[in-house]
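Notes for the one structure printed next.
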Amino acid sequence: MAASPLDQFKITSKMDLTVSSIDASLTNAALWMIGIVAITTVGLMWAMRRASIVPGRSQSIVELLYEFVAGMVRDNIGAGGRPFFPFVFSLFMFILIANLAGMLPYGFTVTSHIAVTMSFALTVFLIVIGVGIAKHGLHFFSLFLPEGTPWYLAWLIVAIEVISFFSRPITHGVRLFANMTAGHILMKVFAGFIISMAATGGAVAFISWLPFVANVAVTALEMLVAGVQAYVFALLTCVYLNDAVNLH
Amino acid sequence: MDVDAARYIAAGLATIGIGGAGIGVGIIFGNFLSGALRNPSAADQLFARVIFGFAVTEALGIFSFLIALLALFYKI
């Protein structure tokens, strides 16, 4: 019978390696991540090999991406956001290419692993705390008490703000993971319907094109989700950094 | 009751909460669409806020998804 729709997320070792009793094997996830970084870097550099004032076709694509992220950083953080542009751009490009690479047939979606997405989310979280404390010192903790709060509500507002601040990395990382995982399971479940309906035979086999059409639509939707989730991740990074740079 | 059966029932019940996030996301995009159709020139400025509202609303659905995962896989 058909393989489980969860098989696509299986991590296998491509090269066994053990460093002082720690399993540091090169897995397929690591291989895909190296490939994504290489493709992104080489692709961007190749597109900019003949940089000119009037851009050619490939240079326009890179400028489009650059302008898109630069606009997002400028709108959300303001002038203080310039130093964070390289970070947000790398994050956006990696997640975008990783999501799209996962759509390839026989592809592996690294962003469907919570270990990957949570490392990103926690990195952003630690950077926000670090930047906030470096820039504002202990004043950073005024983030938990919005200006103009009546004193009799302060205890409640502080509790709510602290909880919402510390649940940020969880939702930030799990959102990307959940969206990619759920979408890819959906695609494989529909693909499984095609096979099992065709194998049933008779009238059921005759309408086995129905899940096929649905799967084409789901694939298109997943392409959209891949872009939107990369955008959401980068946008939320900007919003969280804005709190650290400008406070409330 | 068998513990594994209880796990599956709990995970199924936890997914009901995602319906609430669905209603919220639907309201956000529905209102964005009606606003954008009334004033198409303002649609571009609104889009970033729509995505932010969508992300924040969806976070609550993610919490119920997390509860489903915990119910399925967290061994006491």
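Numbering starts fresh at 1 for the residues of each chain in the structure tokens, the chains themselves are lettered A, B, ... in the order given, and ligands are numbered from 1 as they appear.
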Sorted by chain and rising residue number, list the residues of range 37-68 of chain B at most 12 Å from range 13-18 of chain B (counting only C-alpha atoms), each with its closest atom pair and distance in Å to one decimal, as a tab-separated table.
residue	atom	partner	partner_atom	distance
B:Thr57	CA	B:Ile18	CA	10.5
B:Glu58	CA	B:Ile18	CA	8.6
B:Ala59	CA	B:Ile18	CA	9.9
B:Leu60	CA	B:Ile18	CA	7.8
B:Gly61	CA	B:Ile18	CA	4.6
B:Ile62	CA	B:Ile18	CA	7.5
B:Phe63	CA	B:Gly17	CA	8.6
B:Ser64	CA	B:Ala14	CA	5.6
B:Phe65	CA	B:Thr15	CA	6.3
B:Leu66	CA	B:Ala14	CA	8.7
B:Ile67	CA	B:Ala14	CA	6.3
B:Ala68	CA	B:Ala14	CA	5.3
Can you list, as a list in words, every protein, DNA or RNA residue that comes within 10 Å of Val110 in chain A when you count only C-alpha atoms, leaving out same-chain residues fewer than 4 positions away? Phe9, Ile11, Asn28, Ala29, Ala30, Leu31, Trp32, Met33, Ile36, Ile95, Ala98, Asn99, Ala101, Gly102, Ile114, Ala115, Val116, Thr117, Phe177, Met180 and Thr181 of chain A
Using only C-alpha atoms and a cut-off of 10 Å, which residues of chain A sit close to chain B? Please list them as a PyMOL selection string. chain A and resi 72+75-76+167-168+170-172+174-175+178-179+228-229+231-233+235-236+239
Could those selected residues go to a file with N, CA and C atoms, as a short mmCIF file (atom, residue, chain, number, x, y, z; two decimals), in the first residue's frame?
data_model
loop_
_atom_site.label_atom_id
_atom_site.label_comp_id
_atom_site.auth_asym_id
_atom_site.auth_seq_id
_atom_site.Cartn_x
_atom_site.Cartn_y
_atom_site.Cartn_z
N MET A 72 9.95 46.97 3.72
CA MET A 72 9.34 46.38 4.91
C MET A 72 10.07 46.84 6.17
N ASP A 75 9.37 50.67 6.73
CA ASP A 75 8.02 50.98 7.18
C ASP A 75 7.79 50.57 8.62
N ASN A 76 8.43 49.46 9.05
CA ASN A 76 8.11 48.92 10.36
C ASN A 76 9.05 49.36 11.46
N SER A 167 5.40 34.39 24.73
CA SER A 167 4.80 33.41 23.81
C SER A 167 5.12 33.75 22.36
N ARG A 168 5.76 34.91 22.13
CA ARG A 168 6.10 35.30 20.76
C ARG A 168 6.98 34.29 20.03
N ILE A 170 7.32 31.21 20.45
CA ILE A 170 6.60 29.95 20.23
C ILE A 170 5.72 30.09 18.99
N THR A 171 4.88 31.14 18.96
CA THR A 171 3.98 31.27 17.81
C THR A 171 4.78 31.58 16.55
N HIS A 172 5.85 32.36 16.69
CA HIS A 172 6.66 32.74 15.54
C HIS A 172 7.23 31.51 14.84
N VAL A 174 6.35 28.17 15.47
CA VAL A 174 5.39 27.11 15.19
C VAL A 174 4.50 27.47 14.01
N ARG A 175 4.25 28.77 13.77
CA ARG A 175 3.41 29.17 12.64
C ARG A 175 3.99 28.64 11.33
N ALA A 178 3.93 24.74 11.31
CA ALA A 178 2.60 24.16 11.18
C ALA A 178 2.06 24.36 9.77
N ASN A 179 2.26 25.54 9.20
CA ASN A 179 1.74 25.80 7.86
C ASN A 179 2.40 24.90 6.83
N VAL A 228 3.77 33.63 1.29
CA VAL A 228 3.14 34.40 2.37
C VAL A 228 3.80 34.12 3.70
N GLN A 229 4.15 32.85 3.97
CA GLN A 229 4.75 32.53 5.26
C GLN A 229 6.14 33.12 5.40
N TYR A 231 7.02 35.90 4.01
CA TYR A 231 6.74 37.32 4.24
C TYR A 231 6.31 37.56 5.68
N VAL A 232 5.40 36.69 6.18
CA VAL A 232 4.91 36.86 7.56
C VAL A 232 6.06 36.74 8.55
N PHE A 233 6.94 35.77 8.32
CA PHE A 233 8.06 35.57 9.25
C PHE A 233 8.95 36.81 9.28
N LEU A 235 8.11 39.87 8.33
CA LEU A 235 7.35 41.02 8.84
C LEU A 235 7.31 41.00 10.37
N LEU A 236 7.04 39.82 10.94
CA LEU A 236 6.98 39.74 12.40
C LEU A 236 8.35 40.01 13.01
N VAL A 239 8.51 43.64 13.18
CA VAL A 239 7.64 44.21 14.22
C VAL A 239 8.27 44.02 15.60
#
Within 10 Å of Ala36 in chain B using only C-alpha atoms, minus same-chain residues under 6 positions, as an MDAnalysis selection string: chainID B and resid 30 42:44 46:47
Please produce a file of the residues just selected, as a CSV table (one decimal), in the first residue's frame, where the atoms kept are N, CA and C atoms.
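The new file again_6.csv reads:
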chain,number,residue,atom,x,y,z
B,30,GLY,N,-12.1,39.4,5.1
B,30,GLY,CA,-13.4,39.9,4.6
B,30,GLY,C,-13.4,41.4,4.7
B,42,ALA,N,-6.1,52.7,-1.2
B,42,ALA,CA,-5.6,52.5,0.1
B,42,ALA,C,-5.2,51.1,0.3
B,43,ALA,N,-5.5,50.2,-0.6
B,43,ALA,CA,-5.3,48.7,-0.4
B,43,ALA,C,-3.8,48.4,-0.1
B,44,ASP,N,-2.9,49.0,-0.8
B,44,ASP,CA,-1.5,48.7,-0.7
B,44,ASP,C,-1.0,49.0,0.7
B,46,LEU,N,-2.7,49.1,3.4
B,46,LEU,CA,-3.4,48.3,4.4
B,46,LEU,C,-2.8,46.9,4.5
B,47,PHE,N,-2.2,46.4,3.4
B,47,PHE,CA,-1.8,45.0,3.3
B,47,PHE,C,-0.9,44.5,4.4
Kindly give the distance, in Å, that separates CA of Tyr74 in chain B and CA of Asp4 in chain B, rounded to a single decimal. 11.4 Å
Using only C-alpha atoms, can you tell me which of A:Leu247, A:Ala79, A:Ile157, A:Val88 comes closest to Gly132 in chain A?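 The answer is A:Leu247, which sits nearest to Gly132 in chain A.
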To one decimal place, how far is CA of Asp243 in chain A from CA of Arg82 in chain A in Å?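 The value is 14.8 Å.
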